[in-house]
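Here the structure comes first, spelled out in structure tokens, and everything after it is commentary.
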Amino acid sequence: MLKAKCLWLNILLILLNCSAFGAADIQTFREETTEDLPLKREVPLAIDHNLGNITIQGWVQDRVRVTLKKRILAHTEAEANESFKKLDLISLETAHSFELRVGHARGVDLVRKLRDEKQNMVAVDLEIKAPYELDLTVLLGDTRALVLQQWKGKVSVIGKNGKLELSRINTKKTIQISCPGCAVELSDSEVSGHILTGTQNASLHKVNAVRDLLLDSSSGEIQLADTTGKIDVHTVSGRLNSNSHTGELDFQSEDGGAFVTNLVGNMEASTRTGQIMVDADEVRRFLHLDAEKSDIQVTLPNKFEGLIDLLSLIGETVVQFPYEQNRTLRSDDYGPVTLGKVDGIIGARTGVLVHALSKQGGVRVLRKGLGK
């Protein structure tokens, strides 16, 4: 019995030594190739890639240039070269699309292909230059990154998780992004369409929404900076942080809050438990703000004029402006008050309305320069 145990122990030690030797023997090999693919007609470009990251740069040439940056984990250079030969760029042009993907075209069985991808034994990053007016569809692999620059056609991106960086997207068509686990950065662009994220943040910087732009998130934060146009934000619990938006904002959330500074334009916001704080440089027509269980705070320009319609069912309502009662209270009642309902006129009737309703929180209307 003792001899049998010793035998099995020796076998185990040999296997462990072999495993350690094999792991130490694995090396990283790299190869880079470039192909130019002529376009016979102007058709949508479709890219399906799950072996690595993708960088796409728009240009004015009438061809597609693809650089494949391959990485192989192998024991020998000969083994790596054999694997490199089996990672081919596959292109297919039809009357309706120009399709690109990287495949194991020759001599690789499905089991090995899936094993290599799962263990990160094989990686291929793509760098693509293509005519920027083409419509573009990208199917992105798991935990991959996409960089897209200088594009004028329609953009559609579908993925699961990873990171998307888009810049200089100036399209009269739409962008459609669906990647529930992706962090999204969009900058220096003029777009409209729909961006769906989930748990990760979406950041827009210097973006003009030429028509409606809808941002959907579950818990990820929506960040806006120097944006213009009409932007709709829908979240479950994600918050909105906006600085220097000109145009119209619409925020709808279950439990997320809205924190907006330097607003020029109009805003609608509705949330169940999230706080709403709006600092406006100019209100053009309206602010409509509703919160069920949280506070609302609005800071208005020192020379603001217009109607205020404020109500807090349980908390207090504070107004730092002198105002005239519109209907419900005495016309000679001025100054800061702590009443649940305020229906008044600040300055003159200008057609501008500030409406704020909180069922279980307070409502505060502050005047710039007076503090809290």
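Residues in the structure tokens are numbered from 1 in each chain, the chains being A, B, ... in the order shown, and ligands are numbered from 1 in the order shown.
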Could you please write out, as number ranges by chain, every residue of region 264-343 of chain A that DSSP assigns to strand (DSSP E or B)?
A: 264-271, 276-291, 296-300, 306-312, 317-319, 324-325, 341-343
Output file for the selection above: N, CA and C atoms, as a short mmCIF file (atom, residue, chain, number, x, y, z; two decimals), in the first residue's frame:
```
data_model
loop_
_atom_site.label_atom_id
_atom_site.label_comp_id
_atom_site.auth_asym_id
_atom_site.auth_seq_id
_atom_site.Cartn_x
_atom_site.Cartn_y
_atom_site.Cartn_z
N VAL A 264 -28.40 76.40 -20.62
CA VAL A 264 -29.02 77.45 -21.42
C VAL A 264 -30.07 76.77 -22.27
N GLY A 265 -31.35 77.00 -21.95
CA GLY A 265 -32.40 76.33 -22.71
C GLY A 265 -33.52 75.86 -21.81
N ASN A 266 -33.99 74.63 -22.05
CA ASN A 266 -35.14 74.08 -21.34
C ASN A 266 -34.80 72.69 -20.79
N MET A 267 -35.57 72.28 -19.78
CA MET A 267 -35.32 70.97 -19.20
C MET A 267 -36.58 70.39 -18.60
N GLU A 268 -36.77 69.09 -18.82
CA GLU A 268 -37.77 68.30 -18.12
C GLU A 268 -37.03 67.21 -17.35
N ALA A 269 -37.43 66.96 -16.11
CA ALA A 269 -36.80 65.91 -15.31
C ALA A 269 -37.83 65.27 -14.40
N SER A 270 -37.74 63.96 -14.29
CA SER A 270 -38.64 63.21 -13.41
C SER A 270 -37.88 62.07 -12.80
N THR A 271 -37.95 61.93 -11.47
CA THR A 271 -37.27 60.85 -10.77
C THR A 271 -38.06 60.48 -9.52
N ILE A 276 -32.71 66.35 -7.71
CA ILE A 276 -32.61 67.17 -8.91
C ILE A 276 -32.01 68.52 -8.52
N MET A 277 -30.88 68.87 -9.16
CA MET A 277 -30.24 70.16 -8.94
C MET A 277 -29.92 70.77 -10.30
N VAL A 278 -30.49 71.94 -10.56
CA VAL A 278 -30.32 72.60 -11.85
C VAL A 278 -29.83 74.02 -11.61
N ASP A 279 -28.70 74.35 -12.22
CA ASP A 279 -28.15 75.69 -12.20
C ASP A 279 -28.23 76.22 -13.63
N ALA A 280 -29.13 77.17 -13.86
CA ALA A 280 -29.40 77.64 -15.22
C ALA A 280 -28.80 79.03 -15.44
N ASP A 281 -28.09 79.18 -16.54
CA ASP A 281 -27.63 80.50 -16.96
C ASP A 281 -28.74 81.25 -17.69
N GLU A 282 -29.62 80.49 -18.35
CA GLU A 282 -30.76 81.10 -19.06
C GLU A 282 -31.84 80.04 -19.24
N VAL A 283 -33.06 80.38 -18.85
CA VAL A 283 -34.21 79.51 -19.12
C VAL A 283 -34.98 80.15 -20.28
N ARG A 284 -35.06 79.44 -21.40
CA ARG A 284 -35.67 80.03 -22.58
C ARG A 284 -37.19 79.93 -22.56
N ARG A 285 -37.71 78.75 -22.16
CA ARG A 285 -39.16 78.59 -22.11
C ARG A 285 -39.64 77.93 -20.83
N PHE A 286 -38.96 76.84 -20.40
CA PHE A 286 -39.50 76.13 -19.25
C PHE A 286 -38.45 75.28 -18.55
N LEU A 287 -38.71 75.05 -17.27
CA LEU A 287 -38.13 73.97 -16.48
C LEU A 287 -39.31 73.23 -15.85
N HIS A 288 -39.42 71.92 -16.14
CA HIS A 288 -40.47 71.09 -15.53
C HIS A 288 -39.76 69.99 -14.74
N LEU A 289 -39.78 70.09 -13.42
CA LEU A 289 -39.00 69.19 -12.57
C LEU A 289 -39.92 68.52 -11.56
N ASP A 290 -39.91 67.17 -11.55
CA ASP A 290 -40.78 66.41 -10.64
C ASP A 290 -39.95 65.35 -9.92
N ALA A 291 -40.08 65.30 -8.59
CA ALA A 291 -39.41 64.28 -7.78
C ALA A 291 -40.41 63.76 -6.75
N ILE A 296 -35.61 69.14 -4.69
CA ILE A 296 -35.37 69.84 -5.95
C ILE A 296 -34.76 71.20 -5.62
N GLN A 297 -33.66 71.51 -6.30
CA GLN A 297 -33.05 72.82 -6.12
C GLN A 297 -32.77 73.43 -7.49
N VAL A 298 -33.25 74.66 -7.69
CA VAL A 298 -33.07 75.37 -8.94
C VAL A 298 -32.37 76.69 -8.65
N THR A 299 -31.30 76.97 -9.36
CA THR A 299 -30.60 78.25 -9.26
C THR A 299 -30.80 79.00 -10.57
N LEU A 300 -31.37 80.21 -10.46
CA LEU A 300 -31.72 80.99 -11.64
C LEU A 300 -30.86 82.25 -11.72
N GLY A 306 -40.23 85.63 -14.95
CA GLY A 306 -41.14 84.61 -15.44
C GLY A 306 -42.03 84.08 -14.34
N LEU A 307 -42.79 83.05 -14.66
CA LEU A 307 -43.71 82.42 -13.72
C LEU A 307 -43.01 81.31 -12.94
N ILE A 308 -43.39 81.16 -11.67
CA ILE A 308 -42.92 80.04 -10.88
C ILE A 308 -44.14 79.30 -10.33
N ASP A 309 -44.10 77.99 -10.47
CA ASP A 309 -45.19 77.11 -9.97
C ASP A 309 -44.52 76.02 -9.16
N LEU A 310 -44.50 76.18 -7.84
CA LEU A 310 -43.72 75.33 -6.95
C LEU A 310 -44.64 74.67 -5.93
N LEU A 311 -44.35 73.41 -5.62
CA LEU A 311 -45.15 72.71 -4.62
C LEU A 311 -44.32 71.63 -3.94
N SER A 312 -44.30 71.66 -2.62
CA SER A 312 -43.73 70.59 -1.80
C SER A 312 -44.83 70.13 -0.84
N THR A 317 -40.86 74.97 0.95
CA THR A 317 -40.59 75.63 -0.33
C THR A 317 -39.94 76.97 -0.04
N VAL A 318 -38.77 77.21 -0.63
CA VAL A 318 -38.02 78.43 -0.38
C VAL A 318 -37.77 79.14 -1.70
N VAL A 319 -38.03 80.44 -1.75
CA VAL A 319 -37.78 81.25 -2.94
C VAL A 319 -36.94 82.45 -2.53
N GLU A 324 -44.41 88.29 -6.98
CA GLU A 324 -45.80 88.67 -6.79
C GLU A 324 -46.65 87.41 -6.93
N GLN A 325 -47.62 87.28 -6.03
CA GLN A 325 -48.49 86.11 -6.11
C GLN A 325 -49.30 86.14 -7.40
N LYS A 341 -46.87 75.72 -1.17
CA LYS A 341 -47.30 76.07 -2.51
C LYS A 341 -46.92 77.51 -2.83
N VAL A 342 -46.24 77.70 -3.95
CA VAL A 342 -45.91 79.04 -4.43
C VAL A 342 -46.32 79.13 -5.89
N ASP A 343 -47.20 80.06 -6.18
CA ASP A 343 -47.67 80.30 -7.54
C ASP A 343 -47.49 81.78 -7.79
#
```
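Non-sequential neighbours of region 72-74 of chain A (distance at most 8 Å, separation of 6 or more positions within a chain, only C-alpha atoms) are Ile26, Gln27, Thr28, Phe29, Arg30, Ala80, Ser83, Phe84, Met121, Val122 and Ala123 of chain A.
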Could you save those same residues with C-alpha atoms as a CSV table (one decimal), in the first residue's frame?
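Saved as selection.csv:
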```
chain,number,residue,atom,x,y,z
A,26,ILE,CA,5.2,29.4,-24.0
A,27,GLN,CA,6.2,32.6,-25.8
A,28,THR,CA,4.4,35.5,-27.4
A,29,PHE,CA,4.9,35.8,-31.2
A,30,ARG,CA,3.6,38.7,-33.3
A,80,ALA,CA,3.4,30.3,-34.3
A,83,SER,CA,-1.0,29.4,-36.6
A,84,PHE,CA,-0.4,32.8,-38.4
A,121,MET,CA,-3.9,32.1,-27.1
A,122,VAL,CA,-4.9,34.0,-30.2
A,123,ALA,CA,-5.5,37.7,-30.7
```
So that I can see what lies close to region 226-241 of chain A, please list as an MDAnalysis selection string the residues with an atom at most 9 Å from it, counting only C-alpha atoms and leaving out residues fewer than 5 positions away in the same chain.
chainID A and resid 192 198:199 201 204:221 246:261 274
Output C-alpha atoms for every residue in the selection just made, as a PDB file, in the first residue's frame.
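Now in selection01.pdb:
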```pdb
ATOM      1  CA  SER A 192     -28.679  61.826 -33.678  1.00  0.00           C
ATOM      2  CA  GLY A 198     -26.015  49.483 -19.033  1.00  0.00           C
ATOM      3  CA  THR A 199     -23.758  49.446 -16.006  1.00  0.00           C
ATOM      4  CA  ASN A 201     -20.733  55.263 -18.032  1.00  0.00           C
ATOM      5  CA  LEU A 204     -20.393  63.060 -24.376  1.00  0.00           C
ATOM      6  CA  HIS A 205     -18.066  66.012 -24.949  1.00  0.00           C
ATOM      7  CA  LYS A 206     -18.648  68.710 -27.544  1.00  0.00           C
ATOM      8  CA  VAL A 207     -21.532  66.834 -29.138  1.00  0.00           C
ATOM      9  CA  ASN A 208     -24.331  68.507 -31.089  1.00  0.00           C
ATOM     10  CA  ALA A 209     -27.568  66.522 -31.265  1.00  0.00           C
ATOM     11  CA  VAL A 210     -28.729  67.593 -34.710  1.00  0.00           C
ATOM     12  CA  ARG A 211     -32.026  65.805 -34.064  1.00  0.00           C
ATOM     13  CA  ASP A 212     -33.120  63.817 -31.012  1.00  0.00           C
ATOM     14  CA  LEU A 213     -30.362  61.856 -29.291  1.00  0.00           C
ATOM     15  CA  LEU A 214     -31.507  59.244 -26.752  1.00  0.00           C
ATOM     16  CA  LEU A 215     -29.167  57.868 -24.073  1.00  0.00           C
ATOM     17  CA  ASP A 216     -30.321  54.743 -22.194  1.00  0.00           C
ATOM     18  CA  SER A 217     -28.609  53.380 -19.079  1.00  0.00           C
ATOM     19  CA  SER A 218     -29.434  51.069 -16.198  1.00  0.00           C
ATOM     20  CA  SER A 219     -26.938  52.121 -13.498  1.00  0.00           C
ATOM     21  CA  GLY A 220     -24.211  53.762 -15.564  1.00  0.00           C
ATOM     22  CA  GLU A 221     -23.681  57.504 -15.246  1.00  0.00           C
ATOM     23  CA  THR A 246     -27.395  74.515 -24.689  1.00  0.00           C
ATOM     24  CA  GLY A 247     -30.750  73.319 -25.981  1.00  0.00           C
ATOM     25  CA  GLU A 248     -33.198  70.913 -24.376  1.00  0.00           C
ATOM     26  CA  LEU A 249     -32.643  68.163 -21.805  1.00  0.00           C
ATOM     27  CA  ASP A 250     -35.125  65.451 -20.861  1.00  0.00           C
ATOM     28  CA  PHE A 251     -34.205  63.236 -17.892  1.00  0.00           C
ATOM     29  CA  GLN A 252     -36.361  60.286 -16.774  1.00  0.00           C
ATOM     30  CA  SER A 253     -35.209  57.933 -14.006  1.00  0.00           C
ATOM     31  CA  GLU A 254     -36.433  55.634 -11.278  1.00  0.00           C
ATOM     32  CA  ASP A 255     -33.706  56.253  -8.715  1.00  0.00           C
ATOM     33  CA  GLY A 256     -31.076  58.346 -10.471  1.00  0.00           C
ATOM     34  CA  GLY A 257     -30.424  62.023  -9.800  1.00  0.00           C
ATOM     35  CA  ALA A 258     -29.850  64.928 -12.182  1.00  0.00           C
ATOM     36  CA  PHE A 259     -27.067  67.447 -11.536  1.00  0.00           C
ATOM     37  CA  VAL A 260     -27.006  70.152 -14.197  1.00  0.00           C
ATOM     38  CA  THR A 261     -24.868  73.306 -14.319  1.00  0.00           C
ATOM     39  CA  GLY A 274     -32.960  60.851  -7.054  1.00  0.00           C
TER      40      GLY A 274
END
```
Alpha helix (DSSP H) residues, from DSSP on the backbone, in region 68-284 of chain A, as a PyMOL selection string
chain A and resi 77-85+110-118
Taking C-alpha atoms for each residue, export the selection above as a PDB file, in the first residue's frame.
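Generated output (part.pdb):
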```pdb
ATOM      1  CA  GLU A  77       8.352  29.999 -33.802  1.00  0.00           C
ATOM      2  CA  ALA A  78       7.438  27.240 -36.248  1.00  0.00           C
ATOM      3  CA  GLU A  79       4.243  26.545 -34.304  1.00  0.00           C
ATOM      4  CA  ALA A  80       3.425  30.275 -34.266  1.00  0.00           C
ATOM      5  CA  ASN A  81       4.031  30.640 -38.015  1.00  0.00           C
ATOM      6  CA  GLU A  82       1.745  27.722 -38.688  1.00  0.00           C
ATOM      7  CA  SER A  83      -0.983  29.415 -36.635  1.00  0.00           C
ATOM      8  CA  PHE A  84      -0.400  32.774 -38.355  1.00  0.00           C
ATOM      9  CA  LYS A  85      -1.125  31.188 -41.719  1.00  0.00           C
ATOM     10  CA  LEU A 110     -13.973  24.190 -33.922  1.00  0.00           C
ATOM     11  CA  VAL A 111     -12.914  22.783 -30.543  1.00  0.00           C
ATOM     12  CA  ARG A 112      -9.391  24.144 -30.870  1.00  0.00           C
ATOM     13  CA  LYS A 113     -10.661  27.487 -32.158  1.00  0.00           C
ATOM     14  CA  LEU A 114     -12.939  27.963 -29.154  1.00  0.00           C
ATOM     15  CA  ARG A 115     -10.233  26.785 -26.746  1.00  0.00           C
ATOM     16  CA  ASP A 116      -7.637  29.193 -28.122  1.00  0.00           C
ATOM     17  CA  GLU A 117     -10.029  32.154 -27.959  1.00  0.00           C
ATOM     18  CA  LYS A 118     -11.119  31.321 -24.414  1.00  0.00           C
TER      19      LYS A 118
END
```
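Residue neighbourhood of Glu127 (chain A), excluding near-sequence residues (fewer than 2 positions): Ile54, Thr55, Ile56, Val66, Thr67, Leu68, Asp125 and Lys129 of chain A, at 7 Å, using only C-alpha atoms.
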Emit the selected residues as a short mmCIF file (atom, residue, chain, number, x, y, z; two decimals), in the first residue's frame, including N, CA and C atoms.
```cif
data_model
loop_
_atom_site.label_atom_id
_atom_site.label_comp_id
_atom_site.auth_asym_id
_atom_site.auth_seq_id
_atom_site.Cartn_x
_atom_site.Cartn_y
_atom_site.Cartn_z
N ILE A 54 -10.68 46.89 -32.43
CA ILE A 54 -10.86 47.43 -33.77
C ILE A 54 -10.65 48.94 -33.73
N THR A 55 -9.85 49.44 -34.66
CA THR A 55 -9.69 50.88 -34.87
C THR A 55 -10.09 51.18 -36.31
N ILE A 56 -11.02 52.11 -36.49
CA ILE A 56 -11.51 52.46 -37.82
C ILE A 56 -11.32 53.96 -38.03
N VAL A 66 -6.79 47.28 -44.55
CA VAL A 66 -6.90 46.56 -43.29
C VAL A 66 -5.52 46.09 -42.84
N THR A 67 -5.14 46.48 -41.65
CA THR A 67 -3.91 46.00 -41.03
C THR A 67 -4.27 45.04 -39.91
N LEU A 68 -3.75 43.82 -40.00
CA LEU A 68 -3.98 42.80 -38.98
C LEU A 68 -2.76 42.72 -38.08
N ASP A 125 -5.77 42.28 -33.58
CA ASP A 125 -6.32 43.64 -33.59
C ASP A 125 -6.39 44.13 -35.03
N LYS A 129 -8.87 51.49 -42.51
CA LYS A 129 -9.17 52.78 -43.13
C LYS A 129 -10.17 52.50 -44.24
#
```
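Atom pair CA of Asn170 (chain A) / CA of Trp59 (chain A) has a distance of 13.4 Å (rounded to one decimal).
Near Gly162 (chain A), within 10 Å and counting only C-alpha atoms, sit Asn53, Leu140, Gly141, Asp142, Thr143, Arg144, Ala145, Leu146, Cys179, Pro180, Gly181, Cys182, Ala183, Val184 and Gln200 of chain A, not including residues fewer than 5 positions from it in the same chain.
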Just the residues within 12 Å of Leu45 (chain A), please, counting only C-alpha atoms, with nothing from its chain fewer than 5 positions along; format it as number ranges by chain.
A: 39, 56, 58, 63-64, 91-101, 128-139, 153-157
Could you jot down the CA of Lys368 (chain A) to CA of Asn262 (chain A) separation for me, Å, one decimal place?
11.4 Å
Using only C-alpha atoms, the shortest atom-to-atom distance to Leu89 (chain A) among A:Ser189, A:Asn243, A:Gln360, A:Thr34 belongs to A:Thr34
